[in-house]
file structure_37.cif (mmCIF, C-alpha atoms and all ligand atoms)
data_work
loop_
_atom_site.group_PDB
_atom_site.id
_atom_site.type_symbol
_atom_site.label_atom_id
_atom_site.label_comp_id
_atom_site.auth_asym_id
_atom_site.auth_seq_id
_atom_site.Cartn_x
_atom_site.Cartn_y
_atom_site.Cartn_z
ATOM 1 C CA MET A 159 80.774 46.013 87.585
ATOM 2 C CA LEU A 160 82.729 49.103 88.654
ATOM 3 C CA LEU A 161 83.522 48.459 92.309
ATOM 4 C CA ARG A 162 83.185 45.253 94.256
ATOM 5 C CA VAL A 163 83.767 45.226 98.001
ATOM 6 C CA ASP A 164 84.059 41.866 99.754
ATOM 7 C CA ASN A 165 84.200 41.263 103.488
ATOM 8 C CA LEU A 166 85.724 44.615 104.301
ATOM 9 C CA ALA A 167 86.739 44.762 107.959
ATOM 10 C CA ILE A 168 88.350 47.621 109.850
ATOM 11 C CA GLU A 169 89.750 47.530 113.372
ATOM 12 C CA PHE A 170 91.557 50.206 115.314
ATOM 13 C CA ALA A 171 94.385 49.579 117.722
ATOM 14 C CA THR A 172 93.745 51.723 120.796
ATOM 15 C CA TYR A 173 95.228 51.947 124.303
ATOM 16 C CA SER A 174 92.374 49.836 125.589
ATOM 17 C CA GLY A 175 92.817 47.128 122.961
ATOM 18 C CA THR A 176 91.565 46.451 119.470
ATOM 19 C CA VAL A 177 88.265 48.078 118.584
ATOM 20 C CA PRO A 178 86.306 46.738 115.608
ATOM 21 C CA ALA A 179 84.742 49.525 113.527
ATOM 22 C CA VAL A 180 83.492 47.695 110.432
ATOM 23 C CA ARG A 181 82.784 43.987 110.004
ATOM 24 C CA ASP A 182 82.053 42.007 106.885
ATOM 25 C CA LEU A 183 80.915 44.793 104.570
ATOM 26 C CA SER A 184 80.182 43.519 101.062
ATOM 27 C CA PHE A 185 78.522 45.365 98.213
ATOM 28 C CA ALA A 186 78.983 46.154 94.554
ATOM 29 C CA THR A 187 78.405 49.208 92.396
ATOM 30 C CA ASP A 188 77.903 49.301 88.669
ATOM 31 C CA HIS A 189 78.934 52.100 86.341
ATOM 32 C CA GLY A 190 76.573 55.033 86.772
ATOM 33 C CA GLU A 191 74.789 53.437 89.708
ATOM 34 C CA SER A 192 73.947 55.301 92.911
ATOM 35 C CA VAL A 193 74.252 53.568 96.252
ATOM 36 C CA GLY A 194 73.335 55.137 99.578
ATOM 37 C CA ILE A 195 74.940 54.188 102.879
ATOM 38 C CA VAL A 196 72.810 55.131 105.871
ATOM 39 C CA GLY A 197 73.133 54.487 109.559
ATOM 40 C CA GLU A 198 73.599 56.151 112.898
ATOM 41 C CA SER A 199 76.665 58.075 113.983
ATOM 42 C CA GLY A 200 79.641 55.786 114.576
ATOM 43 C CA SER A 201 78.214 52.924 112.504
ATOM 44 C CA GLY A 202 81.306 52.861 110.275
ATOM 45 C CA LYS A 203 80.086 54.671 107.165
ATOM 46 C CA SER A 204 82.981 57.109 106.808
ATOM 47 C CA GLN A 205 85.715 54.665 107.750
ATOM 48 C CA SER A 206 84.398 52.201 105.155
ATOM 49 C CA VAL A 207 84.787 54.631 102.275
ATOM 50 C CA LEU A 208 88.054 56.052 103.606
ATOM 51 C CA ALA A 209 89.424 52.496 103.621
ATOM 52 C CA LEU A 210 88.631 52.214 99.902
ATOM 53 C CA MET A 211 90.820 55.220 99.246
ATOM 54 C CA GLY A 212 93.608 54.163 101.608
ATOM 55 C CA LEU A 213 92.838 57.143 103.840
ATOM 56 C CA VAL A 214 92.236 55.503 107.226
ATOM 57 C CA ALA A 215 94.303 56.520 110.269
ATOM 58 C CA ASP A 216 97.634 54.848 111.028
ATOM 59 C CA ASN A 217 96.157 52.758 113.853
ATOM 60 C CA ALA A 218 93.648 51.104 111.503
ATOM 61 C CA ARG A 219 93.913 47.527 110.310
ATOM 62 C CA VAL A 220 91.959 46.890 107.157
ATOM 63 C CA ALA A 221 91.109 43.437 105.799
ATOM 64 C CA GLY A 222 89.005 42.193 102.922
ATOM 65 C CA SER A 223 88.924 43.260 99.326
ATOM 66 C CA ALA A 224 87.771 46.204 97.228
ATOM 67 C CA ARG A 225 88.321 45.818 93.515
ATOM 68 C CA LEU A 226 87.910 48.652 91.076
ATOM 69 C CA ALA A 227 87.362 47.553 87.487
ATOM 70 C CA GLY A 228 90.386 48.295 85.348
ATOM 71 C CA PRO A 229 90.015 50.948 82.648
ATOM 72 C CA ASP A 230 89.459 49.542 79.148
ATOM 73 C CA ASP A 231 89.105 45.898 80.245
ATOM 74 C CA ALA A 232 92.404 45.902 82.148
ATOM 75 C CA ALA A 233 92.523 43.684 85.256
ATOM 76 C CA PRO A 234 90.713 45.098 88.325
ATOM 77 C CA VAL A 235 92.776 47.131 90.778
ATOM 78 C CA GLU A 236 92.755 45.854 94.374
ATOM 79 C CA LEU A 237 92.480 48.924 96.575
ATOM 80 C CA ILE A 238 92.890 47.314 99.996
ATOM 81 C CA GLY A 239 96.554 47.155 100.841
ATOM 82 C CA ALA A 240 97.501 48.815 97.550
ATOM 83 C CA ARG A 241 100.739 50.767 97.303
ATOM 84 C CA ALA A 242 100.551 54.528 97.817
ATOM 85 C CA ARG A 243 101.538 55.034 94.180
ATOM 86 C CA VAL A 244 98.590 52.957 92.959
ATOM 87 C CA LEU A 245 96.136 54.743 95.247
ATOM 88 C CA ARG A 246 97.397 58.173 94.178
ATOM 89 C CA ARG A 247 96.604 57.279 90.595
ATOM 90 C CA VAL A 248 93.080 56.196 91.538
ATOM 91 C CA ARG A 249 92.223 59.073 93.879
ATOM 92 C CA GLY A 250 90.991 62.167 92.140
ATOM 93 C CA ALA A 251 91.185 60.598 88.709
ATOM 94 C CA ARG A 252 88.977 57.499 89.016
ATOM 95 C CA ILE A 253 87.437 57.911 92.461
ATOM 96 C CA ALA A 254 86.761 61.411 93.760
ATOM 97 C CA MET A 255 85.465 62.296 97.179
ATOM 98 C CA ILE A 256 83.483 65.188 98.606
ATOM 99 C CA PHE A 257 82.909 65.908 102.262
ATOM 100 C CA GLN A 258 80.638 67.809 104.593
ATOM 101 C CA ASP A 259 83.286 70.491 105.070
ATOM 102 C CA PRO A 260 84.588 71.763 101.711
ATOM 103 C CA MET A 261 87.633 73.254 103.398
ATOM 104 C CA THR A 262 89.013 69.749 103.910
ATOM 105 C CA ALA A 263 89.324 69.576 100.106
ATOM 106 C CA LEU A 264 90.233 73.186 99.353
ATOM 107 C CA ASN A 265 93.494 74.932 100.101
ATOM 108 C CA PRO A 266 92.615 78.257 101.791
ATOM 109 C CA HIS A 267 95.811 79.908 100.502
ATOM 110 C CA LEU A 268 95.357 79.255 96.796
ATOM 111 C CA ARG A 269 93.004 80.785 94.272
ATOM 112 C CA ILE A 270 90.329 78.424 92.934
ATOM 113 C CA ALA A 271 91.918 78.774 89.483
ATOM 114 C CA THR A 272 95.269 77.462 90.733
ATOM 115 C CA GLN A 273 93.743 74.546 92.612
ATOM 116 C CA MET A 274 91.479 73.447 89.803
ATOM 117 C CA THR A 275 93.889 73.794 86.919
ATOM 118 C CA GLU A 276 96.682 71.987 88.785
ATOM 119 C CA LEU A 277 94.336 69.117 89.570
ATOM 120 C CA VAL A 278 93.129 68.864 85.986
ATOM 121 C CA ARG A 279 96.662 69.076 84.596
ATOM 122 C CA THR A 280 97.945 66.400 86.966
ATOM 123 C CA HIS A 281 95.203 63.920 86.170
ATOM 124 C CA LEU A 282 94.355 64.657 82.568
ATOM 125 C CA GLY A 283 97.784 65.798 81.396
ATOM 126 C CA VAL A 284 96.389 68.693 79.363
ATOM 127 C CA SER A 285 97.883 72.129 78.650
ATOM 128 C CA LYS A 286 97.418 74.996 81.065
ATOM 129 C CA ARG A 287 94.960 76.667 78.725
ATOM 130 C CA GLU A 288 92.861 73.536 78.297
ATOM 131 C CA ALA A 289 92.911 72.991 82.059
ATOM 132 C CA THR A 290 91.661 76.542 82.633
ATOM 133 C CA GLU A 291 88.890 76.080 80.088
ATOM 134 C CA ARG A 292 87.910 72.807 81.728
ATOM 135 C CA ALA A 293 87.895 74.418 85.184
ATOM 136 C CA VAL A 294 85.681 77.302 84.044
ATOM 137 C CA ALA A 295 83.314 74.872 82.326
ATOM 138 C CA MET A 296 83.039 72.832 85.526
ATOM 139 C CA LEU A 297 82.329 75.910 87.651
ATOM 140 C CA GLU A 298 79.630 76.835 85.153
ATOM 141 C CA ALA A 299 78.270 73.309 85.306
ATOM 142 C CA VAL A 300 77.842 73.561 89.087
ATOM 143 C CA ARG A 301 76.176 76.964 88.504
ATOM 144 C CA ILE A 302 78.738 79.335 89.941
ATOM 145 C CA PRO A 303 77.734 82.709 88.485
ATOM 146 C CA GLN A 304 80.459 84.548 86.533
ATOM 147 C CA ALA A 305 82.650 81.459 86.693
ATOM 148 C CA ALA A 306 85.604 82.865 84.742
ATOM 149 C CA ARG A 307 85.874 85.840 87.080
ATOM 150 C CA ARG A 308 85.257 83.797 90.243
ATOM 151 C CA MET A 309 88.180 81.533 89.325
ATOM 152 C CA ARG A 310 90.461 84.248 90.685
ATOM 153 C CA ALA A 311 88.833 84.177 94.140
ATOM 154 C CA TYR A 312 90.083 82.381 97.234
ATOM 155 C CA PRO A 313 87.881 79.758 98.952
ATOM 156 C CA HIS A 314 86.920 82.102 101.816
ATOM 157 C CA GLN A 315 85.397 84.535 99.331
ATOM 158 C CA PHE A 316 82.601 82.058 98.594
ATOM 159 C CA SER A 317 79.514 81.323 100.688
ATOM 160 C CA GLY A 318 79.193 77.869 102.281
ATOM 161 C CA GLY A 319 76.906 76.578 99.547
ATOM 162 C CA MET A 320 79.105 78.018 96.788
ATOM 163 C CA ARG A 321 82.222 76.487 98.373
ATOM 164 C CA GLN A 322 80.429 73.161 98.329
ATOM 165 C CA ARG A 323 79.770 73.703 94.631
ATOM 166 C CA VAL A 324 83.435 74.490 94.006
ATOM 167 C CA MET A 325 84.419 71.255 95.744
ATOM 168 C CA ILE A 326 81.957 69.320 93.571
ATOM 169 C CA ALA A 327 83.362 71.007 90.452
ATOM 170 C CA MET A 328 86.866 69.953 91.517
ATOM 171 C CA ALA A 329 85.767 66.416 92.311
ATOM 172 C CA LEU A 330 84.076 65.972 88.943
ATOM 173 C CA ALA A 331 86.566 67.943 86.830
ATOM 174 C CA CYS A 332 88.543 64.821 85.915
ATOM 175 C CA GLU A 333 85.403 62.787 85.165
ATOM 176 C CA PRO A 334 85.911 60.127 87.837
ATOM 177 C CA GLU A 335 84.031 56.863 87.446
ATOM 178 C CA LEU A 336 82.970 56.952 91.080
ATOM 179 C CA LEU A 337 82.040 59.887 93.270
ATOM 180 C CA ILE A 338 82.032 59.257 97.000
ATOM 181 C CA ALA A 339 80.051 61.865 98.905
ATOM 182 C CA ASP A 340 80.232 61.746 102.707
ATOM 183 C CA GLU A 341 77.383 63.852 104.140
ATOM 184 C CA PRO A 342 77.967 66.455 101.413
ATOM 185 C CA THR A 343 75.026 68.656 102.313
ATOM 186 C CA THR A 344 74.462 68.050 106.017
ATOM 187 C CA ALA A 345 75.809 71.470 107.010
ATOM 188 C CA LEU A 346 73.627 73.356 104.514
ATOM 189 C CA ASP A 347 70.053 74.554 104.761
ATOM 190 C CA VAL A 348 67.424 72.420 103.071
ATOM 191 C CA THR A 349 66.943 74.508 99.904
ATOM 192 C CA VAL A 350 70.670 74.724 99.214
ATOM 193 C CA GLN A 351 70.944 71.007 100.001
ATOM 194 C CA ASP A 352 68.316 70.156 97.397
ATOM 195 C CA GLU A 353 69.927 72.382 94.757
ATOM 196 C CA ILE A 354 73.318 70.820 95.313
ATOM 197 C CA LEU A 355 72.009 67.242 95.238
ATOM 198 C CA GLU A 356 70.207 68.106 92.021
ATOM 199 C CA THR A 357 73.417 69.498 90.508
ATOM 200 C CA ILE A 358 75.318 66.334 91.427
ATOM 201 C CA ALA A 359 72.565 64.182 89.913
ATOM 202 C CA GLU A 360 72.601 66.186 86.652
ATOM 203 C CA LEU A 361 76.374 65.999 86.265
ATOM 204 C CA ARG A 362 76.409 62.302 87.076
ATOM 205 C CA ALA A 363 73.753 61.555 84.523
ATOM 206 C CA ALA A 364 75.751 63.383 81.854
ATOM 207 C CA THR A 365 78.956 61.429 82.567
ATOM 208 C CA ASN A 366 77.614 58.086 83.851
ATOM 209 C CA THR A 367 79.450 58.563 87.149
ATOM 210 C CA ALA A 368 78.578 56.127 89.944
ATOM 211 C CA LEU A 369 77.755 57.598 93.350
ATOM 212 C CA LEU A 370 78.360 56.296 96.840
ATOM 213 C CA LEU A 371 76.409 58.656 99.056
ATOM 214 C CA ILE A 372 76.780 58.567 102.820
ATOM 215 C CA THR A 373 74.069 60.211 104.853
ATOM 216 C CA HIS A 374 72.127 59.722 108.032
ATOM 217 C CA ASP A 375 69.100 61.101 106.168
ATOM 218 C CA LEU A 376 66.935 58.403 104.577
ATOM 219 C CA GLY A 377 64.992 61.116 102.782
ATOM 220 C CA VAL A 378 68.136 62.084 100.846
ATOM 221 C CA VAL A 379 68.746 58.456 99.911
ATOM 222 C CA ALA A 380 65.171 58.091 98.665
ATOM 223 C CA GLY A 381 65.698 60.988 96.276
ATOM 224 C CA GLN A 382 69.175 60.071 95.067
ATOM 225 C CA CYS A 383 69.969 56.373 95.329
ATOM 226 C CA ALA A 384 68.719 53.309 93.492
ATOM 227 C CA ARG A 385 70.207 51.018 96.114
ATOM 228 C CA THR A 386 70.686 51.428 99.842
ATOM 229 C CA ILE A 387 72.941 49.858 102.436
ATOM 230 C CA VAL A 388 71.811 50.216 106.036
ATOM 231 C CA MET A 389 74.588 50.010 108.620
ATOM 232 C CA GLN A 390 74.497 49.750 112.362
ATOM 233 C CA ASN A 391 77.370 49.235 114.718
ATOM 234 C CA GLY A 392 79.878 48.448 111.969
ATOM 235 C CA GLN A 393 77.707 45.912 110.192
ATOM 236 C CA VAL A 394 75.236 45.841 107.337
ATOM 237 C CA VAL A 395 71.765 45.242 108.705
ATOM 238 C CA GLU A 396 70.253 45.126 105.240
ATOM 239 C CA GLN A 397 70.838 46.229 101.669
ATOM 240 C CA GLY A 398 68.837 46.238 98.490
ATOM 241 C CA ALA A 399 66.768 48.356 96.130
ATOM 242 C CA THR A 400 65.873 51.631 97.876
ATOM 243 C CA GLU A 401 62.227 51.191 96.916
ATOM 244 C CA ARG A 402 62.067 47.741 98.491
ATOM 245 C CA ILE A 403 63.777 48.973 101.654
ATOM 246 C CA PHE A 404 61.257 51.791 101.976
ATOM 247 C CA GLU A 405 58.262 49.609 101.245
ATOM 248 C CA GLN A 406 59.268 46.454 103.072
ATOM 249 C CA PRO A 407 62.161 47.090 105.445
ATOM 250 C CA ALA A 408 63.391 43.721 106.668
ATOM 251 C CA ALA A 409 65.352 44.825 109.714
ATOM 252 C CA THR A 410 63.815 46.337 112.828
ATOM 253 C CA TYR A 411 66.560 48.938 112.780
ATOM 254 C CA THR A 412 65.545 50.083 109.277
ATOM 255 C CA GLN A 413 61.898 50.198 110.348
ATOM 256 C CA ASP A 414 62.904 52.489 113.221
ATOM 257 C CA LEU A 415 64.913 54.730 110.882
ATOM 258 C CA LEU A 416 61.947 54.978 108.522
ATOM 259 C CA ALA A 417 59.546 55.708 111.337
ATOM 260 C CA ALA A 418 61.753 58.664 112.284
ATOM 261 C CA ILE A 419 61.396 60.390 108.874
ATOM 262 C CA PRO A 420 58.856 63.174 108.945
ATOM 263 C CA ARG A 421 56.043 62.316 106.510
ATOM 264 C CA LEU A 422 55.536 64.773 103.665
HETATM 265 N N1 LIG A 501 91.610 56.489 114.494
HETATM 266 C C1 LIG A 501 90.645 55.848 115.174
HETATM 267 N N2 LIG A 501 90.933 55.147 116.289
HETATM 268 C C2 LIG A 501 89.967 54.468 116.956
HETATM 269 N N3 LIG A 501 88.685 54.429 116.581
HETATM 270 C C3 LIG A 501 88.329 55.123 115.486
HETATM 271 C C4 LIG A 501 89.292 55.865 114.730
HETATM 272 N N4 LIG A 501 88.650 56.446 113.672
HETATM 273 C C5 LIG A 501 87.350 56.069 113.784
HETATM 274 N N5 LIG A 501 87.155 55.289 114.844
HETATM 275 C C6 LIG A 501 85.885 54.644 115.250
HETATM 276 O O1 LIG A 501 85.327 53.954 114.161
HETATM 277 C C7 LIG A 501 83.914 53.899 114.284
HETATM 278 C C8 LIG A 501 83.258 54.228 112.960
HETATM 279 O O2 LIG A 501 83.452 55.606 112.681
HETATM 280 P P1 LIG A 501 82.880 56.335 111.394
HETATM 281 O O3 LIG A 501 83.518 57.666 111.349
HETATM 282 O O4 LIG A 501 83.045 55.459 110.224
HETATM 283 O O5 LIG A 501 81.331 56.490 111.737
HETATM 284 P P2 LIG A 501 80.202 57.157 110.835
HETATM 285 O O6 LIG A 501 79.193 56.107 110.576
HETATM 286 O O7 LIG A 501 80.803 57.836 109.675
HETATM 287 O O8 LIG A 501 79.573 58.228 111.861
HETATM 288 P P3 LIG A 501 79.051 59.740 111.588
HETATM 289 O O9 LIG A 501 77.643 59.589 111.073
HETATM 290 O O10 LIG A 501 79.076 60.364 112.932
HETATM 291 O O11 LIG A 501 79.970 60.399 110.620
HETATM 292 C C9 LIG A 501 83.547 54.847 115.414
HETATM 293 O O12 LIG A 501 83.247 54.106 116.539
HETATM 294 C C10 LIG A 501 84.808 55.658 115.603
HETATM 295 O O13 LIG A 501 84.955 56.068 116.943
HETATM 296 MG MG MG A 502 80.950 59.814 109.070
#
call {"tool": "encode", "arguments": {"input": "structure_37.cif", "output": "structure tokens"}}
result
Amino acid sequence: MLLRVDNLAIEFATYSGTVPAVRDLSFATDHGESVGIVGESGSGKSQSVLALMGLVADNARVAGSARLAGPDDAAPVELIGARARVLRRVRGARIAMIFQDPMTALNPHLRIATQMTELVRTHLGVSKREATERAVAMLEAVRIPQAARRMRAYPHQFSGGMRQRVMIAMALACEPELLIADEPTTALDVTVQDEILETIAELRAATNTALLLITHDLGVVAGQCARTIVMQNGQVVEQGATERIFEQPAATYTQDLLAAIPRL
């Protein structure tokens, strides 16, 4: 087992009182496994994964447990309530995250080369030359043409789809055990979306990286995820093998979601 989440709960303190955002979320992910989280807007998908990384807003109260298996049989690391120092060591190195908007992960003022090599050096502790080689290899792996030359570009010099690829290259450069992708392709057109999902799948297969993929698109989950968690209003309405959920959805809410997918 790579990650085990038990009874995760998130509430926000607001001017009008305490607002629950996530209740009793439990699931587990094995090494290399792909899990989809689907559900309507506001159902708590993003806050759930942000809580794992210690990235929720200051007014959040997080309860429950999320244990990440220790490297090389070391004891699991509890992520909920962990010290900033512990979380910094996990983020980027063991759990990487990609978002809908690549500019949330990229610094607009720095060349791609600087951003990628610094990240690789920090987490892998390699020389500058090795870090550069690793960065170029990753850009090639996500199919950025003329990767070595493009390393010198700034984020704004890439198209939206290419920026997304750069962010994926950065996320996977340190070979994390878990990749969390929060609506990574929602802003892109369908062809680019498919290409990018395919690239992620290829890289994951090569490195046995687990994937937690958040989307409101059940079609994306069907193509990418062995298991699916369906959330509504901060709670899990059902979870299980993606195939089973598509063939025999247990919850009315899931049936409605499935009915909304255009048939191919
Ligand atoms: N800082 C905050 N203070 C109060 N409520 C918040 C805060 N951040 C998030 N929320 C609430 O938490 C709930 C869950 O939000 P979340 O972003 O996880 O939804 P989501 O499922 O990712 O939706 P979407 O599909 O639109 O991205 C929402 O009701 C949101 O308004
Ligand atoms: Mg979200």
call {"tool": "closest_residue", "arguments": {"input": "structure_37.cif", "among": "A:Ile338, A:Ala363, A:Ile354, A:Val278", "to": "Met320 of chain A", "atoms": "all atoms listed in the file"}}
result
A:Ile354
call {"tool": "closest_residue", "arguments": {"input": "structure_37.cif", "among": "A:Thr400, A:Asn391, A:Thr290, A:Thr367", "to": "Glu333 of chain A", "atoms": "all atoms listed in the file"}}
result
A:Thr367
call {"tool": "residues_around", "arguments": {"input": "structure_37.cif", "residues": "segment 403-415 of chain A", "least_positions_apart": "5", "cutoff": "10 Å", "atoms": "only C-alpha atoms", "output": "ChimeraX atom specification"}}
result
/A:196-198,374-376,380,385-390,395-398
call {"tool": "residues_near_ligand", "arguments": {"input": "structure_37.cif", "ligand": "ligand MG 502 (chain A)", "cutoff": "8 Å", "atoms": "only C-alpha atoms and all ligand atoms", "output": "list in words"}}
result
Ser199, Gly200, Gly202, Lys203, Ser204, Gln205, Asp340, Glu341 and Ile372 of chain A
call {"tool": "resolve_selection", "arguments": {"input": "structure_37.cif", "expression": "the PyMOL selection byres (((chain A and resi 351) around 12) and not hetatm)", "output": "tab-separated table (two decimals) with C-alpha atoms, keeping the file's coordinate frame"}}
result
chain	number	residue	atom	x	y	z
A	258	GLN	CA	80.64	67.81	104.59
A	318	GLY	CA	79.19	77.87	102.28
A	319	GLY	CA	76.91	76.58	99.55
A	320	MET	CA	79.10	78.02	96.79
A	322	GLN	CA	80.43	73.16	98.33
A	323	ARG	CA	79.77	73.70	94.63
A	341	GLU	CA	77.38	63.85	104.14
A	342	PRO	CA	77.97	66.46	101.41
A	343	THR	CA	75.03	68.66	102.31
A	344	THR	CA	74.46	68.05	106.02
A	345	ALA	CA	75.81	71.47	107.01
A	346	LEU	CA	73.63	73.36	104.51
A	347	ASP	CA	70.05	74.55	104.76
A	348	VAL	CA	67.42	72.42	103.07
A	349	THR	CA	66.94	74.51	99.90
A	350	VAL	CA	70.67	74.72	99.21
A	352	ASP	CA	68.32	70.16	97.40
A	353	GLU	CA	69.93	72.38	94.76
A	354	ILE	CA	73.32	70.82	95.31
A	355	LEU	CA	72.01	67.24	95.24
A	356	GLU	CA	70.21	68.11	92.02
A	357	THR	CA	73.42	69.50	90.51
A	358	ILE	CA	75.32	66.33	91.43
A	375	ASP	CA	69.10	61.10	106.17
A	377	GLY	CA	64.99	61.12	102.78
A	378	VAL	CA	68.14	62.08	100.85
A	381	GLY	CA	65.70	60.99	96.28
call {"tool": "resolve_selection", "arguments": {"input": "structure_37.cif", "expression": "the PyMOL selection byres (((chain A and resi 263) around 12) and not hetatm)", "output": "list in words"}}
result
Gly250, Ala254, Met255, Ile256, Phe257, Gln258, Asp259, Pro260, Met261, Thr262, Leu264, Asn265, Pro266, Leu268, Ile270, Gln273, Met274, Leu277, Pro313, Arg321, Gln322, Arg323, Val324, Met325, Ile326, Ala327, Met328, Ala329 and Pro342 of chain A
call {"tool": "resolve_selection", "arguments": {"input": "structure_37.cif", "expression": "the PyMOL selection byres (((chain A and resi 215-224) around 6) and not hetatm)", "output": "list in words"}}
result
Arg162, Val163, Asp164, Asn165, Leu166, Ala167, Ile168, Glu169, Phe170, Ala171, Val214, Arg225, Glu236, Leu237 and Ile238 of chain A
call {"tool": "write_last_selection", "arguments": {"input": "structure_37.cif", "atoms": "C-alpha atoms", "output": "mmCIF file, in the frame of the given file"}}
result
data_model
loop_
_atom_site.group_PDB
_atom_site.id
_atom_site.type_symbol
_atom_site.label_atom_id
_atom_site.label_comp_id
_atom_site.auth_asym_id
_atom_site.auth_seq_id
_atom_site.Cartn_x
_atom_site.Cartn_y
_atom_site.Cartn_z
ATOM 1 C CA ARG A 162 83.185 45.253 94.256
ATOM 2 C CA VAL A 163 83.767 45.226 98.001
ATOM 3 C CA ASP A 164 84.059 41.866 99.754
ATOM 4 C CA ASN A 165 84.200 41.263 103.488
ATOM 5 C CA LEU A 166 85.724 44.615 104.301
ATOM 6 C CA ALA A 167 86.739 44.762 107.959
ATOM 7 C CA ILE A 168 88.350 47.621 109.850
ATOM 8 C CA GLU A 169 89.750 47.530 113.372
ATOM 9 C CA PHE A 170 91.557 50.206 115.314
ATOM 10 C CA ALA A 171 94.385 49.579 117.722
ATOM 11 C CA VAL A 214 92.236 55.503 107.226
ATOM 12 C CA ARG A 225 88.321 45.818 93.515
ATOM 13 C CA GLU A 236 92.755 45.854 94.374
ATOM 14 C CA LEU A 237 92.480 48.924 96.575
ATOM 15 C CA ILE A 238 92.890 47.314 99.996
#
call {"tool": "closest_residue", "arguments": {"input": "structure_37.cif", "among": "A:Leu337, A:Val193, A:Ala299, A:Leu213", "to": "ligand LIG 501 (chain A)", "atoms": "all atoms listed in the file"}}
result
A:Leu213
call {"tool": "axis_aligned_box", "arguments": {"input": "structure_37.cif", "around": "segment 196-205 of chain A", "padding_each_side": "8 Å", "output": "AutoDock Vina command-line options"}}
result
--center_x 79.3 --center_y 55.5 --center_z 110.2 --size_x 28.9 --size_y 21.2 --size_z 24.7
call {"tool": "atom_distance", "arguments": {"input": "structure_37.cif", "atom1": "atom CA of Leu330 of chain A", "atom2": "atom CA of Arg292 of chain A"}}
result
10.7 Å
call {"tool": "closest_residue", "arguments": {"input": "structure_37.cif", "among": "A:Arg249, A:His281, A:Gly239, A:Ala359", "to": "Val300 of chain A", "atoms": "only C-alpha atoms"}}
result
A:Ala359
call {"tool": "closest_residue", "arguments": {"input": "structure_37.cif", "among": "A:Met159, A:Ala227, A:Ala293, A:Ser174", "to": "ligand LIG 501 (chain A)", "atoms": "only C-alpha atoms and all ligand atoms"}}
result
A:Ser174
call {"tool": "closest_residue", "arguments": {"input": "structure_37.cif", "among": "A:Met296, A:Leu371, A:Ala240, A:Cys332", "to": "ligand LIG 501 (chain A)", "atoms": "only C-alpha atoms and all ligand atoms"}}
result
A:Leu371
call {"tool": "atom_distance", "arguments": {"input": "structure_37.cif", "atom1": "atom CA of Arg252 of chain A", "atom2": "atom CA of Ala295 of chain A"}}
result
19.5 Å
call {"tool": "atom_distance", "arguments": {"input": "structure_37.cif", "atom1": "atom C6 of ligand LIG 501 (chain A)", "atom2": "atom CA of Ser206 of chain A"}}
result
10.5 Å
